[in-house]
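**Student:** One file: run_28.cif (mmCIF, C-alpha atoms).
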data_input
loop_
_atom_site.group_PDB
_atom_site.id
_atom_site.type_symbol
_atom_site.label_atom_id
_atom_site.label_comp_id
_atom_site.auth_asym_id
_atom_site.auth_seq_id
_atom_site.Cartn_x
_atom_site.Cartn_y
_atom_site.Cartn_z
ATOM 1 C CA MET A 1 341.888 -96.328 143.908
ATOM 2 C CA GLY A 2 345.609 -97.015 144.377
ATOM 3 C CA ILE A 3 347.544 -99.569 142.364
ATOM 4 C CA GLN A 4 347.841 -101.918 145.375
ATOM 5 C CA SER A 5 344.058 -101.883 145.861
ATOM 6 C CA ILE A 6 343.498 -102.629 142.184
ATOM 7 C CA ILE A 7 345.941 -105.547 142.347
ATOM 8 C CA LYS A 8 344.281 -106.865 145.508
ATOM 9 C CA GLU A 9 340.817 -106.675 143.926
ATOM 10 C CA THR A 10 342.059 -108.373 140.762
ATOM 11 C CA VAL A 11 343.648 -111.229 142.717
ATOM 12 C CA LEU A 12 340.518 -111.612 144.833
ATOM 13 C CA SER A 13 338.324 -111.746 141.725
ATOM 14 C CA ALA A 14 340.619 -114.312 140.130
ATOM 15 C CA ASN A 15 340.519 -116.479 143.244
ATOM 16 C CA ILE A 16 336.741 -116.270 143.439
ATOM 17 C CA GLY A 17 336.479 -117.132 139.767
ATOM 18 C CA ARG A 18 338.801 -120.084 140.198
ATOM 19 C CA ASN A 19 336.877 -121.355 143.197
ATOM 20 C CA ILE A 20 333.645 -121.184 141.213
ATOM 21 C CA CYS A 21 335.370 -122.986 138.362
ATOM 22 C CA HIS A 22 336.577 -125.750 140.703
ATOM 23 C CA THR A 23 333.069 -126.208 142.084
ATOM 24 C CA LEU A 24 331.524 -126.422 138.628
ATOM 25 C CA GLN A 25 334.145 -128.907 137.497
ATOM 26 C CA THR A 26 333.411 -131.122 140.481
ATOM 27 C CA LEU A 27 329.662 -131.045 139.895
ATOM 28 C CA GLN A 28 329.796 -131.480 136.115
ATOM 29 C CA ASN A 29 332.607 -134.022 135.797
ATOM 30 C CA PRO A 30 332.506 -136.420 138.767
ATOM 31 C CA LEU A 31 333.862 -139.259 136.604
ATOM 32 C CA PHE A 32 336.445 -139.485 133.843
ATOM 33 C CA LYS A 33 335.268 -139.142 130.242
ATOM 34 C CA SER A 34 337.817 -141.392 128.589
ATOM 35 C CA VAL A 35 340.199 -144.254 129.331
ATOM 36 C CA GLU A 36 343.474 -144.842 127.497
ATOM 37 C CA ILE A 37 345.321 -148.059 128.283
ATOM 38 C CA GLU A 38 348.775 -148.845 126.974
ATOM 39 C CA THR A 39 348.881 -152.566 126.275
ATOM 40 C CA VAL A 40 352.212 -152.303 124.415
ATOM 41 C CA SER A 41 354.833 -149.571 124.675
ATOM 42 C CA ALA A 42 356.763 -150.384 121.494
ATOM 43 C CA CYS A 43 356.297 -148.605 118.171
ATOM 44 C CA ASN A 44 357.595 -149.510 114.749
ATOM 45 C CA ARG A 45 358.073 -145.852 113.799
ATOM 46 C CA ARG A 46 360.341 -143.025 114.884
ATOM 47 C CA CYS A 47 358.480 -139.855 113.946
ATOM 48 C CA THR A 48 360.421 -136.633 114.554
ATOM 49 C CA TYR A 49 357.388 -135.030 116.198
ATOM 50 C CA CYS A 50 357.060 -137.814 118.794
ATOM 51 C CA PRO A 51 359.261 -138.208 121.912
ATOM 52 C CA ASN A 52 359.829 -141.788 120.783
ATOM 53 C CA TYR A 53 362.151 -140.364 118.102
ATOM 54 C CA SER A 54 364.902 -139.460 120.559
ATOM 55 C CA ILE A 55 363.832 -140.727 124.002
ATOM 56 C CA GLN A 56 363.506 -144.463 124.331
ATOM 57 C CA ARG A 57 361.119 -145.952 126.873
ATOM 58 C CA ALA A 58 361.352 -149.553 127.995
ATOM 59 C CA ALA A 59 359.532 -151.876 125.602
ATOM 60 C CA GLY A 60 356.938 -153.997 127.326
ATOM 61 C CA TYR A 61 353.431 -155.430 127.341
ATOM 62 C CA MET A 62 350.704 -155.006 129.927
ATOM 63 C CA ALA A 63 350.014 -158.226 131.818
ATOM 64 C CA GLU A 64 346.748 -159.805 130.691
ATOM 65 C CA ASP A 65 345.362 -160.157 134.201
ATOM 66 C CA LEU A 66 345.952 -156.432 134.787
ATOM 67 C CA PHE A 67 344.129 -155.491 131.581
ATOM 68 C CA TYR A 68 341.152 -157.662 132.518
ATOM 69 C CA LYS A 69 341.141 -156.259 136.063
ATOM 70 C CA ILE A 70 340.892 -152.715 134.700
ATOM 71 C CA ILE A 71 338.095 -153.600 132.277
ATOM 72 C CA ASP A 72 336.185 -155.449 135.004
ATOM 73 C CA GLU A 73 336.347 -152.381 137.258
ATOM 74 C CA LEU A 74 335.135 -150.150 134.419
ATOM 75 C CA SER A 75 332.294 -152.620 133.856
ATOM 76 C CA GLU A 76 331.264 -152.404 137.509
ATOM 77 C CA MET A 77 330.891 -148.633 137.192
ATOM 78 C CA LYS A 78 329.094 -148.988 133.818
ATOM 79 C CA PHE A 79 331.658 -146.841 132.040
ATOM 80 C CA SER A 80 330.239 -145.447 128.784
ATOM 81 C CA GLY A 81 332.882 -142.971 127.665
ATOM 82 C CA ARG A 82 335.665 -143.353 125.107
ATOM 83 C CA PHE A 83 338.003 -146.313 125.436
ATOM 84 C CA SER A 84 341.304 -146.437 123.515
ATOM 85 C CA PRO A 85 344.030 -149.086 123.878
ATOM 86 C CA HIS A 86 347.039 -146.867 123.271
ATOM 87 C CA PHE A 87 349.581 -144.413 124.674
ATOM 88 C CA TYR A 88 352.742 -143.886 122.603
ATOM 89 C CA GLY A 89 353.102 -147.396 121.241
ATOM 90 C CA GLU A 90 351.464 -148.929 118.170
ATOM 91 C CA PRO A 91 348.484 -150.985 119.402
ATOM 92 C CA LEU A 92 348.559 -153.410 116.490
ATOM 93 C CA LEU A 93 351.993 -154.653 117.541
ATOM 94 C CA ASP A 94 350.079 -156.382 120.328
ATOM 95 C CA LYS A 95 348.818 -159.679 118.908
ATOM 96 C CA ARG A 96 346.283 -159.864 121.750
ATOM 97 C CA MET A 97 344.406 -156.810 120.502
ATOM 98 C CA VAL A 98 341.455 -158.654 118.968
ATOM 99 C CA THR A 99 340.987 -160.644 122.187
ATOM 100 C CA PHE A 100 341.260 -157.469 124.280
ATOM 101 C CA ILE A 101 338.753 -155.571 122.130
ATOM 102 C CA THR A 102 336.306 -158.485 122.228
ATOM 103 C CA TYR A 103 336.505 -158.659 126.025
ATOM 104 C CA THR A 104 336.160 -154.874 126.338
ATOM 105 C CA ARG A 105 333.086 -154.733 124.128
ATOM 106 C CA ASN A 106 331.406 -157.553 126.050
ATOM 107 C CA LYS A 107 332.115 -155.886 129.388
ATOM 108 C CA LEU A 108 331.520 -152.283 128.249
ATOM 109 C CA PRO A 109 328.595 -152.469 125.802
ATOM 110 C CA ASN A 110 327.978 -148.714 125.903
ATOM 111 C CA ALA A 111 331.582 -147.531 125.625
ATOM 112 C CA PHE A 112 332.867 -145.852 122.467
ATOM 113 C CA ILE A 113 335.908 -147.849 121.366
ATOM 114 C CA LYS A 114 338.360 -145.810 119.308
ATOM 115 C CA LEU A 115 341.562 -147.434 118.110
ATOM 116 C CA PHE A 116 344.508 -145.169 117.246
ATOM 117 C CA THR A 117 346.953 -146.698 114.762
ATOM 118 C CA ASN A 118 349.556 -145.742 112.173
ATOM 119 C CA GLY A 119 347.934 -148.290 109.874
ATOM 120 C CA ASP A 120 351.139 -150.106 108.958
ATOM 121 C CA PHE A 121 349.738 -153.448 110.171
ATOM 122 C CA LEU A 122 346.065 -152.811 109.506
ATOM 123 C CA THR A 123 345.255 -155.272 106.759
ATOM 124 C CA TYR A 124 341.711 -155.296 105.466
ATOM 125 C CA GLU A 125 341.132 -158.669 107.115
ATOM 126 C CA LEU A 126 342.336 -157.354 110.489
ATOM 127 C CA PHE A 127 340.216 -154.231 110.043
ATOM 128 C CA LEU A 128 337.091 -156.350 109.588
ATOM 129 C CA THR A 129 338.015 -158.606 112.520
ATOM 130 C CA LEU A 130 338.520 -155.659 114.864
ATOM 131 C CA LEU A 131 335.371 -153.980 113.591
ATOM 132 C CA ASN A 132 333.363 -157.126 114.319
ATOM 133 C CA ALA A 133 335.084 -157.431 117.705
ATOM 134 C CA GLY A 134 333.735 -154.033 118.736
ATOM 135 C CA VAL A 135 335.858 -151.117 117.496
ATOM 136 C CA ASP A 136 333.639 -148.132 116.671
ATOM 137 C CA VAL A 137 336.191 -145.901 114.976
ATOM 138 C CA PHE A 138 339.735 -146.336 113.686
ATOM 139 C CA ARG A 139 341.844 -143.194 113.867
ATOM 140 C CA ILE A 140 344.474 -143.839 111.219
ATOM 141 C CA ALA A 141 347.482 -141.539 111.105
ATOM 142 C CA GLN A 142 349.567 -141.003 107.988
ATOM 143 C CA HIS A 143 353.167 -140.217 108.949
ATOM 144 C CA ASP A 144 354.814 -140.232 105.509
ATOM 145 C CA ARG A 145 354.193 -138.192 102.387
ATOM 146 C CA GLN A 146 352.542 -141.286 100.938
ATOM 147 C CA PRO A 147 350.464 -143.848 102.862
ATOM 148 C CA SER A 148 352.027 -147.239 103.530
ATOM 149 C CA THR A 149 351.140 -149.985 101.048
ATOM 150 C CA THR A 150 349.156 -151.894 103.689
ATOM 151 C CA MET A 151 347.173 -148.822 104.670
ATOM 152 C CA MET A 152 346.454 -147.891 101.053
ATOM 153 C CA ASN A 153 345.282 -151.401 100.173
ATOM 154 C CA THR A 154 342.970 -151.487 103.194
ATOM 155 C CA LEU A 155 341.437 -148.093 102.486
ATOM 156 C CA GLN A 156 340.856 -148.931 98.846
ATOM 157 C CA LYS A 157 338.806 -151.991 99.815
ATOM 158 C CA MET A 158 336.428 -149.993 102.013
ATOM 159 C CA ASP A 159 333.203 -148.579 100.649
ATOM 160 C CA LYS A 160 332.333 -144.939 101.307
ATOM 161 C CA LYS A 161 329.776 -145.773 103.998
ATOM 162 C CA THR A 162 332.341 -147.755 105.986
ATOM 163 C CA LEU A 163 334.945 -145.017 105.608
ATOM 164 C CA ASP A 164 332.555 -142.286 106.722
ATOM 165 C CA LYS A 165 331.266 -144.237 109.701
ATOM 166 C CA HIS A 166 334.335 -146.040 111.002
ATOM 167 C CA VAL A 167 337.484 -144.192 109.908
ATOM 168 C CA GLU A 168 339.142 -140.937 110.930
ATOM 169 C CA TYR A 169 342.082 -140.381 108.611
ATOM 170 C CA ILE A 170 344.631 -137.829 109.809
ATOM 171 C CA LYS A 171 347.714 -136.592 107.944
ATOM 172 C CA TYR A 172 350.348 -135.685 110.521
ATOM 173 C CA PHE A 173 353.252 -135.450 108.122
ATOM 174 C CA ASP A 174 354.333 -131.820 107.672
ATOM 175 C CA ASN A 175 351.218 -130.461 109.419
ATOM 176 C CA ASP A 176 352.167 -128.186 112.336
ATOM 177 C CA THR A 177 348.588 -127.380 113.279
ATOM 178 C CA LEU A 178 348.077 -130.894 114.694
ATOM 179 C CA LEU A 179 351.263 -131.135 116.738
ATOM 180 C CA MET A 180 351.910 -130.629 120.444
ATOM 181 C CA ASN A 181 355.247 -130.436 122.243
ATOM 182 C CA ARG A 182 354.391 -133.410 124.480
ATOM 183 C CA GLY A 183 355.131 -131.702 127.767
ATOM 184 C CA GLY A 184 358.186 -129.942 126.334
ATOM 185 C CA LEU A 185 359.914 -133.094 125.042
ATOM 186 C CA ILE A 186 359.864 -132.081 121.387
ATOM 187 C CA GLU A 187 360.106 -128.808 119.501
ATOM 188 C CA VAL A 188 357.216 -127.630 117.389
ATOM 189 C CA LYS A 189 356.921 -124.597 115.147
ATOM 190 C CA ARG A 190 353.552 -123.580 116.496
ATOM 191 C CA TYR A 191 352.478 -123.836 120.127
ATOM 192 C CA LEU A 192 348.882 -124.427 121.120
ATOM 193 C CA LYS A 193 348.093 -121.824 123.777
ATOM 194 C CA MET A 194 345.436 -123.118 126.143
ATOM 195 C CA THR A 195 343.434 -121.162 128.682
ATOM 196 C CA TYR A 196 342.385 -124.440 130.282
ATOM 197 C CA CYS A 197 343.140 -128.124 129.743
ATOM 198 C CA ASP A 198 340.688 -130.980 129.423
ATOM 199 C CA TYR A 199 343.237 -133.792 129.063
ATOM 200 C CA VAL A 200 342.889 -134.546 132.782
ATOM 201 C CA SER A 201 339.195 -135.319 132.275
ATOM 202 C CA GLY A 202 340.291 -138.753 131.134
ATOM 203 C CA ILE A 203 342.593 -141.339 132.637
ATOM 204 C CA THR A 204 345.805 -142.646 131.093
ATOM 205 C CA ILE A 205 347.321 -145.947 132.218
ATOM 206 C CA ASP A 206 350.774 -147.079 131.121
ATOM 207 C CA TYR A 207 351.647 -150.726 130.499
ATOM 208 C CA GLU A 208 352.963 -151.123 134.051
ATOM 209 C CA GLY A 209 349.611 -150.098 135.508
ATOM 210 C CA ASN A 210 350.503 -146.544 136.570
ATOM 211 C CA MET A 211 347.672 -144.008 136.421
ATOM 212 C CA LEU A 212 349.232 -140.881 134.931
ATOM 213 C CA LEU A 213 348.380 -137.201 134.956
ATOM 214 C CA CYS A 214 347.491 -137.180 131.272
ATOM 215 C CA CYS A 215 348.360 -138.510 127.827
ATOM 216 C CA GLN A 216 351.193 -135.969 127.441
ATOM 217 C CA ASP A 217 353.234 -137.580 130.231
ATOM 218 C CA TYR A 218 355.417 -139.725 127.967
ATOM 219 C CA MET A 219 357.919 -140.554 130.725
ATOM 220 C CA SER A 220 355.284 -141.442 133.360
ATOM 221 C CA GLN A 221 356.669 -138.731 135.651
ATOM 222 C CA TYR A 222 353.405 -137.863 137.354
ATOM 223 C CA THR A 223 351.769 -141.021 138.676
ATOM 224 C CA PHE A 224 349.067 -141.179 141.332
ATOM 225 C CA GLY A 225 348.725 -144.894 141.912
ATOM 226 C CA ASN A 226 349.245 -148.314 140.396
ATOM 227 C CA LEU A 227 346.298 -150.468 139.359
ATOM 228 C CA LYS A 228 348.079 -153.723 140.077
ATOM 229 C CA THR A 229 347.339 -153.111 143.746
ATOM 230 C CA GLU A 230 344.794 -150.253 143.762
ATOM 231 C CA LYS A 231 341.356 -149.710 142.293
ATOM 232 C CA ILE A 232 340.661 -147.082 139.632
ATOM 233 C CA MET A 233 338.229 -145.095 141.772
ATOM 234 C CA THR A 234 340.564 -145.181 144.778
ATOM 235 C CA VAL A 235 343.263 -143.498 142.705
ATOM 236 C CA TRP A 236 340.833 -141.148 140.926
ATOM 237 C CA ASN A 237 339.497 -139.844 144.245
ATOM 238 C CA LYS A 238 342.880 -139.187 145.888
ATOM 239 C CA GLY A 239 342.987 -135.645 147.215
ATOM 240 C CA ASN A 240 346.216 -134.518 145.569
ATOM 241 C CA TYR A 241 345.164 -135.942 142.202
ATOM 242 C CA LYS A 242 341.714 -134.372 142.350
ATOM 243 C CA SER A 243 343.103 -131.003 143.408
ATOM 244 C CA LEU A 244 345.536 -130.971 140.490
ATOM 245 C CA ARG A 245 342.798 -131.923 138.011
ATOM 246 C CA ASP A 246 340.524 -129.146 139.195
ATOM 247 C CA LYS A 247 343.268 -126.548 138.852
ATOM 248 C CA ILE A 248 344.434 -127.754 135.447
ATOM 249 C CA LYS A 249 340.867 -127.743 134.120
ATOM 250 C CA CYS A 250 340.684 -124.087 135.128
ATOM 251 C CA GLY A 251 343.993 -123.088 133.557
ATOM 252 C CA ILE A 252 346.124 -123.022 136.689
ATOM 253 C CA TRP A 253 349.479 -124.495 135.659
ATOM 254 C CA GLN A 254 351.406 -125.627 138.731
ATOM 255 C CA LEU A 255 353.354 -128.532 137.258
ATOM 256 C CA ASP A 256 356.376 -128.160 135.008
ATOM 257 C CA ILE A 257 354.832 -130.435 132.386
ATOM 258 C CA CYS A 258 351.758 -128.175 132.174
ATOM 259 C CA LYS A 259 353.887 -125.048 131.872
ATOM 260 C CA ALA A 260 355.956 -126.682 129.154
ATOM 261 C CA CYS A 261 352.847 -127.750 127.256
ATOM 262 C CA ASN A 262 351.793 -124.103 127.204
ATOM 263 C CA SER A 263 355.282 -122.806 126.402
ATOM 264 C CA LEU A 264 355.475 -120.826 129.644
#
Represent the structure contained in this file as structure tokens.
**Tutor:**
Amino acid sequence: MGIQSIIKETVLSANIGRNICHTLQTLQNPLFKSVEIETVSACNRRCTYCPNYSIQRAAGYMAEDLFYKIIDELSEMKFSGRFSPHFYGEPLLDKRMVTFITYTRNKLPNAFIKLFTNGDFLTYELFLTLLNAGVDVFRIAQHDRQPSTTMMNTLQKMDKKTLDKHVEYIKYFDNDTLLMNRGGLIEVKRYLKMTYCDYVSGITIDYEGNMLLCCQDYMSQYTFGNLKTEKIMTVWNKGNYKSLRDKIKCGIWQLDICKACNSL
């Protein structure tokens, strides 16, 4: 068999494999697995391994009526996946967070609510209030060599059962294994090579209501609709968006942001 025939067969096999992959993805994942909503874009920190360190986004808050609209739509479809009120900002800078979590839990009784925070504002009293409001797990990130005083005081007041059940504590400081280059916006020592990407299995919504490609799109470059005027499922089912998701899930990197994420 000549080299051209071998190449042709290889390409054909790859295409068949990708088509099968697309079909399986469509059948297995008809709906998104997670929802991340940015209610506030500001952050009190400037970590060197976050785009926020050198690239400033506009500081703003999501309009309350937009937040409630999104939750109401998720309630109509009985969403039961992971819900997280964050993007690149610090959620606890939003003083409405307790109210938002309470509303979300009432509307989405079966959702898994996971709150990502740097812990700088997480007093023990606020922890208990948010826990009672409906948060299932707090993912607390340590960004300094030593935890902040507020974070340390809160953790010390928790019993082991509460810690084990409701807290994920992650040390990001000086830990390259946990870092990503955020679509090529920051430099990391170690790149995570992916044969496929599952980030697009969830939806990410910035504070202006844009539905983004994924949580790595810090600059909101790849938007497929705006939820101020469109419904979640209308955007989710758009042909160009769906086609991109299917390809990305199968490791076909067409977009620059995907290539950058994989250091290609």
**Student:** Here's a test: counting only C-alpha atoms, identify every protein, DNA and RNA residue with an atom at most 9 Å from (344.3, -142.1, 140.2) in the file's coordinate frame, and state them as a PyMOL selection string.
**Tutor:** chain A and resi 203+210-213+223-227+230-238+241-242
**Student:** Using all atoms listed in the file, pick whichever of A:Ile257, A:Ala141, A:Met151, A:Val200 has the shortest atom-to-atom distance to Cys47 of chain A.
**Tutor:**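 Closest candidate: A:Ala141.
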**Student:** For Asp159 of chain A, which residue out of A:Tyr124, A:Ser54, A:Gly89, A:Gln146 is the nearest one, using all atoms listed in the file?
**Tutor:**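 The shortest atom-to-atom distance to Asp159 of chain A comes from A:Tyr124.
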**Student:** Considering only C-alpha atoms, can you say which of A:Thr150, A:Thr39, A:Leu130, A:Arg96 comes closest to Leu66 of chain A?
**Tutor:** A:Thr39
**Student:** In Å, with one decimal, what is the gap from atom CA of Trp253 of chain A to atom CA of Tyr218 of chain A?
**Tutor:**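 Between atom CA of Trp253 of chain A and atom CA of Tyr218 of chain A the gap is 18.1 Å.
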**Student:** With distances taken over all atoms listed in the file, which of A:Ser41, A:Asn106, A:Gln142, A:Ser80 is nearest to Asn118 of chain A?
**Tutor:**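 Between A:Ser41, A:Asn106, A:Gln142, A:Ser80, the residue approaching Asn118 of chain A most closely is A:Gln142.
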**Student:** Hey, can you check how far atom CA of Ala133 of chain A sits from atom CA of Ile170 of chain A?
**Tutor:**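 These two atoms are separated by 23.2 Å.
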**Student:** Which residues are close to segment 245-250 of chain A, i.e. within 6 Å by all atoms listed in the file, leaving aside same-chain residues fewer than 5 positions away? Reply as a PyMOL selection string.
**Tutor:** chain A and resi 22+196-198+200
**Student:** Once the PyMOL selection byres ((chain A and resi 117) around 12) is applied to the coordinates I shared, what remains selected? I want it as number ranges by chain.
**Tutor:** A: 43-45, 84-94, 97, 114-116, 118-123, 127, 137-143, 151, 167-170
**Student:** For a quick check of understanding, using only C-alpha atoms, which of A:Gln216, A:Lys69, A:Ser243, A:Asn132 has the smallest distance to Cys258 of chain A?
**Tutor:**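 Of A:Gln216, A:Lys69, A:Ser243, A:Asn132, the one nearest Cys258 of chain A is A:Gln216, counting only C-alpha atoms.
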**Student:** Written as a list in words, which residues does the PyMOL selection byres ((chain A and resi 101) around 8) give for the file shown?
**Tutor:** Met97, Val98, Thr99, Phe100, Thr102, Tyr103, Thr104, Arg105, Leu130, Ala133, Gly134 and Val135 of chain A
**Student:** Using only C-alpha atoms, find the one residue out of A:Met219, A:Ala59, A:Ala111, A:Leu31 that sits nearest to Ile71 of chain A.
**Tutor:** A:Ala111
**Student:** Report, in Å to a single decimal, how far apart atom CA of Cys215 of chain A and atom CA of Arg145 of chain A are.
**Tutor:** 26.1 Å
**Student:** Where's the centre, and what are the edge lengths in Å to one decimal, of a box along x, y and z enclosing all listed atoms of segment 82-85 of chain A padded 8 Å per side, as JSON?
**Tutor:**
{"center_x": 339.8, "center_y": -146.2, "center_z": 124.5, "size_x": 24.4, "size_y": 21.7, "size_z": 17.9}
**Student:** Exactly which residues make up the result of the PyMOL selection byres ((chain A and resi 60) around 8) on this file, given as a CSV table (one decimal) with C-alpha atoms, in the frame of the given file?
**Tutor:**
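Once written, expr-v6.csv looks like this:
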chain,number,residue,atom,x,y,z
A,40,VAL,CA,352.2,-152.3,124.4
A,41,SER,CA,354.8,-149.6,124.7
A,42,ALA,CA,356.8,-150.4,121.5
A,58,ALA,CA,361.4,-149.6,128.0
A,59,ALA,CA,359.5,-151.9,125.6
A,61,TYR,CA,353.4,-155.4,127.3
A,62,MET,CA,350.7,-155.0,129.9
A,207,TYR,CA,351.6,-150.7,130.5
**Student:** Output requested as an mmCIF file, in the coordinates of the input - segment 234-242 of chain A, filled out with all heavy atoms.
**Tutor:**
data_model
loop_
_atom_site.group_PDB
_atom_site.id
_atom_site.type_symbol
_atom_site.label_atom_id
_atom_site.label_comp_id
_atom_site.auth_asym_id
_atom_site.auth_seq_id
_atom_site.Cartn_x
_atom_site.Cartn_y
_atom_site.Cartn_z
ATOM 1 N N THR A 234 339.741 -145.558 143.625
ATOM 2 C CA THR A 234 340.564 -145.181 144.778
ATOM 3 C C THR A 234 341.609 -144.162 144.352
ATOM 4 O O THR A 234 341.834 -143.146 145.030
ATOM 5 C CB THR A 234 341.261 -146.414 145.378
ATOM 6 O OG1 THR A 234 340.268 -147.343 145.818
ATOM 7 C CG2 THR A 234 342.145 -146.019 146.555
ATOM 8 N N VAL A 235 342.249 -144.425 143.214
ATOM 9 C CA VAL A 235 343.263 -143.498 142.705
ATOM 10 C C VAL A 235 342.613 -142.206 142.238
ATOM 11 O O VAL A 235 343.077 -141.113 142.554
ATOM 12 C CB VAL A 235 344.061 -144.143 141.552
ATOM 13 C CG1 VAL A 235 345.108 -143.170 141.008
ATOM 14 C CG2 VAL A 235 344.732 -145.432 142.021
ATOM 15 N N TRP A 236 341.519 -142.322 141.485
ATOM 16 C CA TRP A 236 340.833 -141.148 140.926
ATOM 17 C C TRP A 236 340.393 -140.178 142.016
ATOM 18 O O TRP A 236 340.412 -138.959 141.820
ATOM 19 C CB TRP A 236 339.623 -141.611 140.118
ATOM 20 C CG TRP A 236 338.796 -140.520 139.500
ATOM 21 C CD1 TRP A 236 337.579 -140.080 139.911
ATOM 22 C CD2 TRP A 236 339.129 -139.735 138.343
ATOM 23 N NE1 TRP A 236 337.114 -139.074 139.092
ATOM 24 C CE2 TRP A 236 338.048 -138.847 138.117
ATOM 25 C CE3 TRP A 236 340.219 -139.700 137.480
ATOM 26 C CZ2 TRP A 236 338.036 -137.932 137.066
ATOM 27 C CZ3 TRP A 236 340.207 -138.791 136.426
ATOM 28 C CH2 TRP A 236 339.129 -137.920 136.225
ATOM 29 N N ASN A 237 340.018 -140.693 143.173
ATOM 30 C CA ASN A 237 339.497 -139.844 144.245
ATOM 31 C C ASN A 237 340.565 -139.374 145.234
ATOM 32 O O ASN A 237 340.238 -138.724 146.234
ATOM 33 C CB ASN A 237 338.395 -140.577 145.008
ATOM 34 C CG ASN A 237 337.124 -140.722 144.177
ATOM 35 O OD1 ASN A 237 336.748 -139.815 143.446
ATOM 36 N ND2 ASN A 237 336.464 -141.878 144.276
ATOM 37 N N LYS A 238 341.826 -139.672 144.998
ATOM 38 C CA LYS A 238 342.880 -139.187 145.888
ATOM 39 C C LYS A 238 342.905 -137.665 145.891
ATOM 40 O O LYS A 238 342.809 -137.021 144.836
ATOM 41 C CB LYS A 238 344.243 -139.732 145.453
ATOM 42 C CG LYS A 238 344.436 -141.217 145.755
ATOM 43 C CD LYS A 238 345.837 -141.685 145.379
ATOM 44 C CE LYS A 238 346.033 -143.155 145.721
ATOM 45 N NZ LYS A 238 347.388 -143.648 145.356
ATOM 46 N N GLY A 239 343.071 -137.090 147.066
ATOM 47 C CA GLY A 239 342.987 -135.645 147.215
ATOM 48 C C GLY A 239 343.959 -134.855 146.361
ATOM 49 O O GLY A 239 343.581 -133.865 145.722
ATOM 50 N N ASN A 240 345.236 -135.274 146.337
ATOM 51 C CA ASN A 240 346.216 -134.518 145.569
ATOM 52 C C ASN A 240 345.950 -134.598 144.068
ATOM 53 O O ASN A 240 346.132 -133.622 143.326
ATOM 54 C CB ASN A 240 347.631 -135.021 145.874
ATOM 55 C CG ASN A 240 347.848 -136.481 145.510
ATOM 56 O OD1 ASN A 240 346.919 -137.288 145.547
ATOM 57 N ND2 ASN A 240 349.073 -136.834 145.172
ATOM 58 N N TYR A 241 345.479 -135.740 143.613
ATOM 59 C CA TYR A 241 345.164 -135.942 142.202
ATOM 60 C C TYR A 241 343.956 -135.087 141.808
ATOM 61 O O TYR A 241 343.963 -134.383 140.788
ATOM 62 C CB TYR A 241 344.897 -137.432 141.976
ATOM 63 C CG TYR A 241 344.662 -137.867 140.553
ATOM 64 C CD1 TYR A 241 345.054 -137.094 139.467
ATOM 65 C CD2 TYR A 241 344.045 -139.098 140.287
ATOM 66 C CE1 TYR A 241 344.842 -137.522 138.166
ATOM 67 C CE2 TYR A 241 343.836 -139.535 138.997
ATOM 68 C CZ TYR A 241 344.228 -138.747 137.940
ATOM 69 O OH TYR A 241 344.009 -139.178 136.655
ATOM 70 N N LYS A 242 342.923 -135.136 142.634
ATOM 71 C CA LYS A 242 341.714 -134.372 142.350
ATOM 72 C C LYS A 242 341.993 -132.871 142.345
ATOM 73 O O LYS A 242 341.511 -132.130 141.483
ATOM 74 C CB LYS A 242 340.626 -134.691 143.381
ATOM 75 C CG LYS A 242 339.314 -133.971 143.128
ATOM 76 C CD LYS A 242 338.294 -134.284 144.195
ATOM 77 C CE LYS A 242 336.992 -133.549 143.915
ATOM 78 N NZ LYS A 242 337.178 -132.081 143.790
#
